[in-house]
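All remarks here apply to the structure that follows.
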Amino acid sequence: MFFFSSLYVSLICAFFCLCSNAQTEVQHNGSTLFNVGVVLDLDSLVGRIGMTSLTLALSDYYSVDRNYSAKLVLHVRDSKGQIIDAAASALSLLNDIQVDAIIGPQKSAQSTFVVGLGDRAHVPIISFSATSPSLHPQAHYFVQTAITDSFQVDVIVDIVKYFQWNQVVLINEESDYGNGINPYLSNALQDANARVSYRSVIPLEATDDFLLLELYMMKTMQTRVFVVHISSSLASKFFLKVKEAGMMSEGYVWIVTSGLMDLLYSLDSNVVNTMEGVLGVKPLMPRTTRLTSTAIRWKNKFNHDNPDFSQAEFGLFAMWAYDALWALAMAAERIQFTAAKNTSLLNSTDVFITEISKTGPKLREALSEVTFEGLGGKFHLVNGQLVPSAFQILNVVGKGERGIGVWTNSEGILSESNNGTNSSSKKLKSVVFPGDTTNVPKGWEVPVSGKKLRVGVPVNAGFDEFVKVKKDPQTNVSKVSGCYIDMFEAVMAELQYAVPYEYIPFETPDGLSAGNYDDLCFQVSLQKYDVAVGDITITSKRSNYVDFTLPFEAGGVTMTMLRNYDSLYNEWFFLEPFEKKLWLTAIGLFVFTGFVVWVLEHRSSSAFRGPLAHHVGMIFYFPFMSLVYAQRERIVSNYARFVVVVWMFVVLILNSTYTASLSAKLTVERLLPTGIDVNDLIRNGDNVGCRDVSFIFNFLQQLGFDKSKIKTYSSPMEMDAALANGTKGGGISALFSVMPYTKLFLSKYPKYTTNGTTYSTEGFAFVFEKGSPLVADVSRAVIKVIEDCTLSKIEGRWIKDQKGAPEGVASSDLTTATLKMFQSLFGISGGIATTCLLVFIATYMYENRDFVRRISNSSTTIRSKARAIGKHFDQRDPKSFRTSKYREDGVVNASPSLNENARPSTVVPIDLNDANEDIGPNSENTNAANQQIRSTDNIEIVRDV
């Protein structure tokens, strides 16, 4: 209230004391005078730097452009570093001088109120030193010719990413300038996966005791990377206390923003010495001849105008002020002035009412269109803000700064060459960090408050092979061992730095477990432990308050049940080597092969001739006898020989497979699949079990099991007894556990086996506090020990391989031949037999084409035609009698009629009435047919009347 009352009184006094007669633009040497107000803290270094740049720029511009039509006239006001004086000065300039633009004010806090006045009066407020990004969105007539602090956020984040730091502390002063960058910096760091672990806000009037207390508090934290955004006046005290607190030593990282980095030369030499190794960023000033000559003339003018200031350099603020006045002068040349202003509001009792400028909107538009090559590079405003081209990355070494790289929006970090130009290299020059070391700090340390990592381990886990806590009764010291303890120690040994740690059992004073694994993880989030090690599964609930490393052990929930073995006393045991489909297919192929061989041999071999019963018997007899190689029938046809050769190969494979399968079934125990799944267990009301500290209890409830049907156990012995008794005996029908537990349990009790689906879950991992910088390094170490098989060797020392049949697979399934195994073989054999049969039929039809043609052309019924062709096919092939190579008894005879075993004649009863009922006994066709029949040797024709 005091602040606003003072402001109100001062503004009223300024309003009534200052002249109320408005000045209008006057002509001077044919040019229009353009009134420009300047509001700066004239006793400050930045204020005097700005005034020197503005006056020098004004002189330089009109010495270059002598044909100007408008000349700027500066009206300077001293804000004295106060918000009230800055507002009063701006109000005086707007109402008394009726300025068309105001350069200033100097500070972001002062600009907040002045920008509002500029918006009311439609007068551009041009600032070369207020860099807070929170100012610009508030007003349309605010122009920042200084690069806003939000642009340097990406540079700082890329530096953090470059050195792979993942945790940062933000330090800023309590002011509009200090607070403006925080939202932008926090969001950018979060997007880069770098967590802001703490934010320290330091008052401008902070005492030495306050600074030391705040620094000591930050010293106890793990984070060692600090981003500082404070003014040069506060930095003079701050970094002296940083040195005193011992935080400017090896392992610490300090990054300062451009506002402080540009004024580094103004700090006391003792302060600069304490900042050895600090990193900083600021917009890149191009090294041009014009910049060099201007800087020399600026230095001389500053020393002349400010003899009491011995140290001053042509830096960013000087450059921005110089370019701002040039841009304003160029914009003034582009517009036509309107002297008339709206004075209707001046009679209002509101002291903050100002005249409405009609030149201001034109000037603002002209400023947005001005583009020229300034001292700082290309001058171009986008939405009232100066667009930067590049940033310089600096390192405080000795008494000043050293360039180590540059940053551009398109290329990111680049190496800076010795001549100041950008290099194509993506690497920074060698950096000197605090403690006069070039070793890159890892960005975090074990807190001073805890010399060792406190590693929480579960007590009475039940599976001692994983984690075992045994207390010495004499010394009362707990000894921790187990597979996962060895794994943790192997992982920590792979880190590139030493991390001391100690094991602390998660137990009550009487030595019992203090809770389940959810409780243990929650204690890590409460910082009672720094890390938790054991058989701890990654779950979504736990990940809400802790961070997990990459899993070192696979997950997955399995169902374990008692093995069921098949009985060997089965009267149909001999059929089990082949599955049913294989038996049926093989029998079908047997019959088909016999039929094909009979067709191919029937007209040539007497062994395949005879009564109908003899034919049918031969079809079944011949292929089956090939199983024992006992067939005595001689094969005459080449087609039949080809079919038989292939068939013998098939028989050989079938016989060998049957023998091997039968032998395996007599020697290998046969595990029958249970065929029971989760739905069956729920439907039958069976009891199921799990570990008492596991997340699986809730998991089973989600699957649909009633809470009363879920029993918990703490040791493998209890689980074995429960499974052996079953639900009817008061135990359980199935045990649910994660994969590592299952492997260990089955190695102890091979009479059980897994069954059903394996439910996907995350594996085991180490637990750290949320945001711990150790998580990334430990995860990389986990990957390394997994790849070099270290974890597998450790697991092999603690857990034996499971004996018995493979999980979830019945032994009988492995010794039963299936149809799929013989698909290709059966396909080849059947295809060859079918091909030979078709070729033989085609040959027969071709050789007897006259007969077949007469039969097919006859007007008899289809049944009669089929009987005629069948009777013709049933006749003995005449060629089999005339060839001397054909033998049935092994003796070569010129005439088959001399063979004592050969029949002298074959009686073929052919029903000619059926075959020629429409031909007629005396027709030409009948005579030809009889002639054909009589030409057959040793065939007796019997006409069936």
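The chains in the structure tokens are called A, B, ... from first to last as shown; in each chain the residues are counted from 1, and the ligands are counted from 1 in the order shown.
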
Extract the full set of alpha helix (DSSP H) residues from segment 252-374 of chain A according to DSSP on the backbone, and format it as a compact mmCIF listing (two decimals) with N, CA and C atoms, in the first residue's frame.
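Printed below is states-v6.txt as written:
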```txt
# COMPACT_ATOMS: atom_id res chain seq x y z
N SER A 258 23.46 -14.72 -20.12
CA SER A 258 24.14 -13.68 -20.89
C SER A 258 24.20 -12.34 -20.15
N GLY A 259 23.18 -12.00 -19.34
CA GLY A 259 23.18 -10.72 -18.65
C GLY A 259 24.39 -10.55 -17.77
N LEU A 260 24.76 -11.59 -17.04
CA LEU A 260 25.93 -11.53 -16.19
C LEU A 260 27.22 -11.72 -16.98
N MET A 261 27.17 -12.58 -17.97
CA MET A 261 28.39 -12.86 -18.74
C MET A 261 28.86 -11.62 -19.50
N ASP A 262 27.94 -10.80 -19.97
CA ASP A 262 28.32 -9.61 -20.73
C ASP A 262 28.97 -8.56 -19.84
N SER A 269 37.92 -7.94 -9.36
CA SER A 269 38.86 -9.00 -9.75
C SER A 269 38.80 -10.19 -8.81
N ASN A 270 38.54 -9.94 -7.52
CA ASN A 270 38.43 -11.05 -6.57
C ASN A 270 37.22 -11.94 -6.90
N VAL A 271 36.14 -11.31 -7.34
CA VAL A 271 34.95 -12.07 -7.72
C VAL A 271 35.23 -12.90 -8.96
N VAL A 272 35.89 -12.31 -9.95
CA VAL A 272 36.20 -13.03 -11.18
C VAL A 272 37.12 -14.21 -10.90
N ASN A 273 38.05 -14.03 -9.98
CA ASN A 273 38.95 -15.14 -9.63
C ASN A 273 38.20 -16.31 -9.01
N THR A 274 37.16 -16.01 -8.24
CA THR A 274 36.38 -17.10 -7.65
C THR A 274 35.53 -17.83 -8.68
N THR A 289 35.06 -4.97 -39.11
CA THR A 289 35.86 -3.74 -39.04
C THR A 289 35.05 -2.60 -38.48
N ARG A 290 33.79 -2.52 -38.88
CA ARG A 290 32.92 -1.44 -38.39
C ARG A 290 32.73 -1.55 -36.89
N LEU A 291 32.54 -2.78 -36.39
CA LEU A 291 32.38 -2.96 -34.95
C LEU A 291 33.63 -2.55 -34.20
N THR A 292 34.77 -2.92 -34.73
CA THR A 292 36.03 -2.59 -34.06
C THR A 292 36.25 -1.09 -33.99
N SER A 293 36.05 -0.38 -35.12
CA SER A 293 36.26 1.07 -35.13
C SER A 293 35.24 1.77 -34.25
N THR A 294 33.97 1.30 -34.27
CA THR A 294 32.94 1.91 -33.42
C THR A 294 33.26 1.69 -31.95
N ALA A 295 33.75 0.50 -31.60
CA ALA A 295 34.09 0.21 -30.21
C ALA A 295 35.20 1.12 -29.72
N ILE A 296 36.17 1.44 -30.59
CA ILE A 296 37.26 2.33 -30.17
C ILE A 296 36.74 3.73 -29.93
N ARG A 297 35.92 4.26 -30.85
CA ARG A 297 35.37 5.59 -30.67
C ARG A 297 34.43 5.64 -29.48
N TRP A 298 33.67 4.54 -29.29
CA TRP A 298 32.76 4.47 -28.12
C TRP A 298 33.56 4.52 -26.82
N LYS A 299 34.67 3.79 -26.76
CA LYS A 299 35.49 3.74 -25.55
C LYS A 299 36.02 5.13 -25.20
N ASN A 300 36.48 5.83 -26.19
CA ASN A 300 37.00 7.18 -25.95
C ASN A 300 35.90 8.12 -25.47
N LYS A 301 34.73 8.03 -26.10
CA LYS A 301 33.62 8.91 -25.70
C LYS A 301 33.14 8.57 -24.29
N PHE A 302 33.08 7.27 -23.97
CA PHE A 302 32.62 6.87 -22.63
C PHE A 302 33.58 7.39 -21.57
N ASN A 303 34.89 7.25 -21.80
CA ASN A 303 35.87 7.73 -20.83
C ASN A 303 35.81 9.25 -20.68
N HIS A 304 35.48 9.93 -21.80
CA HIS A 304 35.39 11.38 -21.72
C HIS A 304 34.14 11.81 -20.95
N ASP A 305 33.01 11.13 -21.20
CA ASP A 305 31.76 11.52 -20.54
C ASP A 305 31.65 11.00 -19.12
N LEU A 316 27.22 -6.04 -25.17
CA LEU A 316 25.92 -6.27 -25.78
C LEU A 316 24.99 -5.08 -25.62
N PHE A 317 24.92 -4.53 -24.39
CA PHE A 317 23.98 -3.43 -24.17
C PHE A 317 24.37 -2.20 -24.99
N ALA A 318 25.67 -1.95 -25.11
CA ALA A 318 26.12 -0.83 -25.94
C ALA A 318 25.77 -1.07 -27.40
N MET A 319 25.94 -2.28 -27.86
CA MET A 319 25.65 -2.61 -29.26
C MET A 319 24.15 -2.54 -29.53
N TRP A 320 23.34 -3.06 -28.61
CA TRP A 320 21.90 -3.04 -28.82
C TRP A 320 21.34 -1.62 -28.80
N ALA A 321 21.88 -0.76 -27.90
CA ALA A 321 21.43 0.63 -27.85
C ALA A 321 21.81 1.37 -29.14
N TYR A 322 23.00 1.11 -29.63
CA TYR A 322 23.46 1.76 -30.87
C TYR A 322 22.54 1.36 -32.03
N ASP A 323 22.28 0.06 -32.21
CA ASP A 323 21.44 -0.40 -33.31
C ASP A 323 19.99 0.04 -33.13
N ALA A 324 19.52 0.17 -31.88
CA ALA A 324 18.14 0.59 -31.64
C ALA A 324 17.92 2.02 -32.13
N LEU A 325 18.88 2.92 -31.90
CA LEU A 325 18.69 4.28 -32.35
C LEU A 325 18.76 4.38 -33.87
N TRP A 326 19.65 3.61 -34.49
CA TRP A 326 19.70 3.59 -35.96
C TRP A 326 18.36 3.10 -36.53
N ALA A 327 17.80 2.04 -35.94
CA ALA A 327 16.52 1.53 -36.43
C ALA A 327 15.42 2.57 -36.26
N LEU A 328 15.42 3.31 -35.13
CA LEU A 328 14.41 4.33 -34.90
C LEU A 328 14.56 5.48 -35.88
N ALA A 329 15.80 5.89 -36.17
CA ALA A 329 16.03 6.98 -37.12
C ALA A 329 15.60 6.57 -38.53
N MET A 330 15.87 5.32 -38.91
CA MET A 330 15.46 4.86 -40.23
C MET A 330 13.94 4.76 -40.33
N ALA A 331 13.29 4.34 -39.25
CA ALA A 331 11.83 4.25 -39.27
C ALA A 331 11.20 5.64 -39.35
N ALA A 332 11.83 6.64 -38.68
CA ALA A 332 11.29 8.00 -38.71
C ALA A 332 11.34 8.59 -40.11
N GLU A 333 12.31 8.17 -40.90
CA GLU A 333 12.42 8.67 -42.27
C GLU A 333 11.30 8.13 -43.16
N GLY A 360 2.43 7.18 -33.54
CA GLY A 360 2.93 5.95 -32.93
C GLY A 360 2.62 4.69 -33.71
N PRO A 361 1.36 4.47 -34.15
CA PRO A 361 1.07 3.24 -34.91
C PRO A 361 1.87 3.14 -36.20
N LYS A 362 2.06 4.30 -36.87
CA LYS A 362 2.85 4.27 -38.11
C LYS A 362 4.32 3.95 -37.79
N LEU A 363 4.79 4.53 -36.70
CA LEU A 363 6.19 4.28 -36.32
C LEU A 363 6.41 2.82 -35.94
N ARG A 364 5.45 2.28 -35.22
CA ARG A 364 5.59 0.86 -34.83
C ARG A 364 5.63 -0.03 -36.06
N GLU A 365 4.77 0.25 -37.04
CA GLU A 365 4.77 -0.54 -38.27
C GLU A 365 6.07 -0.36 -39.05
N ALA A 366 6.59 0.87 -39.08
CA ALA A 366 7.84 1.13 -39.79
C ALA A 366 9.01 0.42 -39.12
N LEU A 367 9.00 0.36 -37.78
CA LEU A 367 10.07 -0.35 -37.06
C LEU A 367 10.08 -1.84 -37.41
N SER A 368 8.89 -2.42 -37.56
CA SER A 368 8.82 -3.85 -37.89
C SER A 368 9.34 -4.15 -39.30
N GLU A 369 9.38 -3.08 -40.15
CA GLU A 369 9.82 -3.29 -41.53
C GLU A 369 11.28 -2.91 -41.74
```

So which bits of segment 18-152 of chain A end up strand (DSSP E or B) when you DSSP the backbone, as a PyMOL selection string? chain A and resi 27-28+31-40+70-78+101-103+125-127+142-144

Can you list, as a list in words, every protein, DNA or RNA residue that comes within 10 Å of Ala866 of chain A when you count only C-alpha atoms, leaving out same-chain residues fewer than 4 positions away?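 Once the adjacent positions are removed, what remains is Ile855, Ser856, Thr861, Ile862, Gly870, Lys871, His872 and Ala915 of chain A.
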
Filtering to N, CA, C and O atoms, could you give me those residues as a PDB file, in the first residue's frame?
```
ATOM      1  N   ILE A 855     -16.316 -99.036 -79.512  1.00  0.00           N
ATOM      2  CA  ILE A 855     -17.180 -99.160 -78.344  1.00  0.00           C
ATOM      3  C   ILE A 855     -17.841 -97.821 -78.013  1.00  0.00           C
ATOM      4  O   ILE A 855     -19.037 -97.741 -77.741  1.00  0.00           O
ATOM      5  N   SER A 856     -17.034 -96.778 -78.062  1.00  0.00           N
ATOM      6  CA  SER A 856     -17.572 -95.457 -77.693  1.00  0.00           C
ATOM      7  C   SER A 856     -18.574 -94.961 -78.723  1.00  0.00           C
ATOM      8  O   SER A 856     -19.504 -94.207 -78.398  1.00  0.00           O
ATOM      9  N   THR A 861     -25.621 -98.774 -74.018  1.00  0.00           N
ATOM     10  CA  THR A 861     -25.648 -97.965 -72.798  1.00  0.00           C
ATOM     11  C   THR A 861     -24.237 -97.789 -72.243  1.00  0.00           C
ATOM     12  O   THR A 861     -23.309 -98.530 -72.614  1.00  0.00           O
ATOM     13  N   ILE A 862     -24.097 -96.813 -71.369  1.00  0.00           N
ATOM     14  CA  ILE A 862     -22.783 -96.543 -70.750  1.00  0.00           C
ATOM     15  C   ILE A 862     -22.329 -97.743 -69.940  1.00  0.00           C
ATOM     16  O   ILE A 862     -21.153 -98.099 -69.941  1.00  0.00           O
ATOM     17  N   GLY A 870     -13.991-103.116 -69.759  1.00  0.00           N
ATOM     18  CA  GLY A 870     -13.430-103.848 -68.633  1.00  0.00           C
ATOM     19  C   GLY A 870     -13.061-105.265 -69.012  1.00  0.00           C
ATOM     20  O   GLY A 870     -12.010-105.773 -68.599  1.00  0.00           O
ATOM     21  N   LYS A 871     -13.909-105.931 -69.795  1.00  0.00           N
ATOM     22  CA  LYS A 871     -13.580-107.295 -70.222  1.00  0.00           C
ATOM     23  C   LYS A 871     -12.377-107.303 -71.148  1.00  0.00           C
ATOM     24  O   LYS A 871     -11.545-108.207 -71.104  1.00  0.00           O
ATOM     25  N   HIS A 872     -12.287-106.269 -72.011  1.00  0.00           N
ATOM     26  CA  HIS A 872     -11.129-106.181 -72.887  1.00  0.00           C
ATOM     27  C   HIS A 872      -9.843-105.956 -72.082  1.00  0.00           C
ATOM     28  O   HIS A 872      -8.801-106.553 -72.380  1.00  0.00           O
ATOM     29  N   ALA A 915     -22.087-106.008 -76.434  1.00  0.00           N
ATOM     30  CA  ALA A 915     -21.147-105.097 -77.078  1.00  0.00           C
ATOM     31  C   ALA A 915     -21.593-104.689 -78.446  1.00  0.00           C
ATOM     32  O   ALA A 915     -21.273-103.602 -78.902  1.00  0.00           O
TER      33      ALA A 915
END
```

Considering only C-alpha atoms, return as a list of chain:residue names whatever protein or nucleic-acid residues lie within 7 Å of Glu445 of chain A, sequence-local ones (same chain, fewer than 6 positions apart) excluded. A:Gln222, A:Thr223, A:Arg224

Residues near segment 152-165 of chain A, anyone? I mean within 7 Å using only C-alpha atoms, not counting same-chain ones fewer than 3 positions away, as an mmCIF file with N, CA, C and O atoms, in the first residue's frame.
```cif
data_model
loop_
_atom_site.group_PDB
_atom_site.id
_atom_site.type_symbol
_atom_site.label_atom_id
_atom_site.label_comp_id
_atom_site.auth_asym_id
_atom_site.auth_seq_id
_atom_site.Cartn_x
_atom_site.Cartn_y
_atom_site.Cartn_z
ATOM 1 N N ASP A 149 15.643 -13.132 -22.974
ATOM 2 C CA ASP A 149 16.312 -14.251 -22.293
ATOM 3 C C ASP A 149 15.797 -15.612 -22.727
ATOM 4 O O ASP A 149 16.488 -16.624 -22.568
ATOM 5 N N TYR A 184 10.415 -20.964 -19.090
ATOM 6 C CA TYR A 184 10.995 -21.425 -20.351
ATOM 7 C C TYR A 184 12.126 -22.434 -20.092
ATOM 8 O O TYR A 184 12.217 -23.475 -20.760
ATOM 9 N N LEU A 185 12.969 -22.141 -19.122
ATOM 10 C CA LEU A 185 14.100 -23.016 -18.846
ATOM 11 C C LEU A 185 13.652 -24.343 -18.250
ATOM 12 O O LEU A 185 14.174 -25.410 -18.610
ATOM 13 N N ALA A 188 12.073 -26.503 -21.067
ATOM 14 C CA ALA A 188 13.070 -26.989 -22.023
ATOM 15 C C ALA A 188 13.926 -28.093 -21.416
ATOM 16 O O ALA A 188 14.261 -29.079 -22.087
ATOM 17 N N LEU A 189 14.289 -27.973 -20.148
ATOM 18 C CA LEU A 189 15.076 -29.022 -19.490
ATOM 19 C C LEU A 189 14.266 -30.300 -19.349
ATOM 20 O O LEU A 189 14.792 -31.411 -19.512
ATOM 21 N N TRP A 407 26.862 -21.522 -30.872
ATOM 22 C CA TRP A 407 25.598 -22.249 -31.003
ATOM 23 C C TRP A 407 24.726 -21.525 -32.007
ATOM 24 O O TRP A 407 24.576 -20.295 -31.950
ATOM 25 N N LYS A 442 30.455 -35.468 -13.522
ATOM 26 C CA LYS A 442 29.295 -36.300 -13.854
ATOM 27 C C LYS A 442 27.990 -35.637 -13.498
ATOM 28 O O LYS A 442 26.928 -36.113 -13.879
ATOM 29 N N GLY A 443 28.058 -34.512 -12.779
ATOM 30 C CA GLY A 443 26.858 -33.723 -12.526
ATOM 31 C C GLY A 443 26.149 -34.050 -11.239
ATOM 32 O O GLY A 443 25.130 -33.432 -10.930
#
```

How far is it from atom CA of Lys528 of chain A to atom CA of Arg454 of chain A, in Å with one decimal?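 Atom-to-atom, atom CA of Lys528 of chain A and atom CA of Arg454 of chain A are spaced 7.9 Å apart.
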
Find the residues around segment 838-844 of chain A up to 9 Å (only C-alpha atoms counted), leave out those fewer than 4 positions away in its own chain, and share them as a compact mmCIF listing (two decimals) with C-alpha atoms, in the first residue's frame.
```txt
# COMPACT_ATOMS: atom_id res chain seq x y z
CA VAL A 599 -3.51 -102.19 -62.59
CA LEU A 600 -0.01 -101.91 -64.02
CA TYR A 639 5.85 -98.48 -64.52
CA ALA A 833 1.99 -93.71 -58.39
CA THR A 834 -0.78 -91.52 -59.81
CA ASN A 848 -6.44 -100.06 -78.36
CA ARG A 849 -7.83 -96.91 -79.85
CA PHE A 873 -8.75 -104.83 -70.21
```

Go through A:Gly689, A:Gly377, A:Gly104, A:Pro505 and flag the residue nearest Ser733 of chain A, using only C-alpha atoms for the distances. A:Gly689

What is the distance, in Å and to one decimal place, between atom CA of Thr754 of chain A and atom CA of Met561 of chain A?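 Here the two named atoms are 6.1 Å from each other.
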
Shell of 12 Å around segment 507-516 of chain A, only C-alpha atoms, local chain residues under 5 positions omitted, as an NGL selection string: :A and (456-462 or 469-473 or 476-478 or 521-523 or 534-537 or 542 or 691-697 or 714)

Residues as selected, N, CA and C atoms, written as a short mmCIF file (atom, residue, chain, number, x, y, z; two decimals), in the first residue's frame, can you do that?
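Full text of part.cif as output:
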```cif
data_model
loop_
_atom_site.label_atom_id
_atom_site.label_comp_id
_atom_site.auth_asym_id
_atom_site.auth_seq_id
_atom_site.Cartn_x
_atom_site.Cartn_y
_atom_site.Cartn_z
N GLY A 456 18.50 -50.68 0.85
CA GLY A 456 17.52 -51.47 1.56
C GLY A 456 17.34 -52.83 0.93
N VAL A 457 17.33 -53.88 1.75
CA VAL A 457 17.15 -55.25 1.26
C VAL A 457 16.01 -55.91 2.04
N PRO A 458 15.19 -56.73 1.37
CA PRO A 458 14.08 -57.39 2.06
C PRO A 458 14.57 -58.48 3.01
N VAL A 459 13.79 -58.69 4.04
CA VAL A 459 14.10 -59.71 5.05
C VAL A 459 13.10 -60.84 4.93
N ASN A 460 13.56 -62.08 5.10
CA ASN A 460 12.70 -63.27 5.02
C ASN A 460 11.99 -63.32 3.67
N ALA A 461 12.78 -63.19 2.61
CA ALA A 461 12.20 -63.22 1.28
C ALA A 461 11.67 -64.60 0.91
N GLY A 462 12.11 -65.65 1.60
CA GLY A 462 11.62 -67.00 1.33
C GLY A 462 12.53 -67.76 0.39
N VAL A 469 19.25 -62.54 4.40
CA VAL A 469 19.77 -61.69 5.47
C VAL A 469 19.92 -62.56 6.72
N LYS A 470 21.14 -62.69 7.16
CA LYS A 470 21.44 -63.51 8.33
C LYS A 470 22.16 -62.66 9.36
N LYS A 471 21.62 -62.65 10.56
CA LYS A 471 22.20 -61.81 11.61
C LYS A 471 23.09 -62.65 12.51
N ASP A 472 24.28 -62.12 12.77
CA ASP A 472 25.23 -62.78 13.67
C ASP A 472 24.74 -62.59 15.10
N PRO A 473 24.45 -63.67 15.81
CA PRO A 473 23.91 -63.52 17.17
C PRO A 473 24.89 -62.88 18.14
N ASN A 476 25.51 -59.09 16.37
CA ASN A 476 24.24 -58.46 15.96
C ASN A 476 24.37 -57.71 14.65
N VAL A 477 25.34 -58.11 13.81
CA VAL A 477 25.57 -57.50 12.51
C VAL A 477 24.90 -58.37 11.45
N SER A 478 24.16 -57.74 10.57
CA SER A 478 23.45 -58.47 9.51
C SER A 478 24.37 -58.70 8.33
N CYS A 521 9.55 -50.08 -1.44
CA CYS A 521 9.72 -49.04 -2.46
C CYS A 521 9.26 -47.68 -1.95
N PHE A 522 8.20 -47.67 -1.17
CA PHE A 522 7.70 -46.40 -0.65
C PHE A 522 8.71 -45.78 0.32
N GLN A 523 9.43 -46.60 1.06
CA GLN A 523 10.45 -46.08 1.96
C GLN A 523 11.60 -45.45 1.18
N GLY A 534 16.89 -56.41 -4.56
CA GLY A 534 16.29 -57.71 -4.28
C GLY A 534 15.47 -58.18 -5.45
N ASP A 535 14.60 -59.13 -5.19
CA ASP A 535 13.73 -59.66 -6.23
C ASP A 535 12.48 -58.78 -6.31
N ILE A 536 12.67 -57.54 -6.74
CA ILE A 536 11.62 -56.52 -6.77
C ILE A 536 11.17 -56.33 -8.21
N THR A 537 9.90 -56.60 -8.47
CA THR A 537 9.35 -56.51 -9.82
C THR A 537 8.95 -55.07 -10.14
N ARG A 542 4.36 -48.95 -8.34
CA ARG A 542 5.62 -48.57 -7.70
C ARG A 542 6.34 -47.49 -8.49
N ARG A 691 3.38 -66.00 -3.46
CA ARG A 691 4.22 -65.54 -2.35
C ARG A 691 3.49 -64.48 -1.54
N ASP A 692 3.81 -64.39 -0.26
CA ASP A 692 3.07 -63.50 0.62
C ASP A 692 3.45 -62.04 0.44
N VAL A 693 4.64 -61.72 -0.11
CA VAL A 693 5.06 -60.32 -0.27
C VAL A 693 5.00 -59.89 -1.72
N SER A 694 4.39 -60.70 -2.55
CA SER A 694 4.42 -60.44 -3.99
C SER A 694 3.22 -59.63 -4.44
N PHE A 695 3.39 -58.99 -5.59
CA PHE A 695 2.29 -58.25 -6.21
C PHE A 695 1.28 -59.18 -6.86
N ILE A 696 1.58 -60.49 -6.91
CA ILE A 696 0.74 -61.44 -7.62
C ILE A 696 -0.61 -61.63 -6.93
N PHE A 697 -0.68 -61.33 -5.63
CA PHE A 697 -1.97 -61.46 -4.93
C PHE A 697 -3.01 -60.57 -5.61
N SER A 714 5.41 -68.29 2.26
CA SER A 714 6.66 -67.56 2.38
C SER A 714 7.88 -68.37 1.99
#
```

Shortest contact to Val99 of chain A, candidates A:Glu355, A:Glu276, A:Glu553, A:Asp436, atoms counted only C-alpha atoms, goes to A:Glu355

When you count only C-alpha atoms, which of these residues is closest to Phe113 of chain A: A:Ser200, A:Asn187, A:Ser89, A:Ser864?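 Among the listed residues, the smallest separation from Phe113 of chain A belongs to A:Ser89.
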
Using only C-alpha atoms, find the one residue out of A:Phe372, A:Phe745, A:Phe768, A:Phe506 that sits nearest to Val546 of chain A. A:Phe768
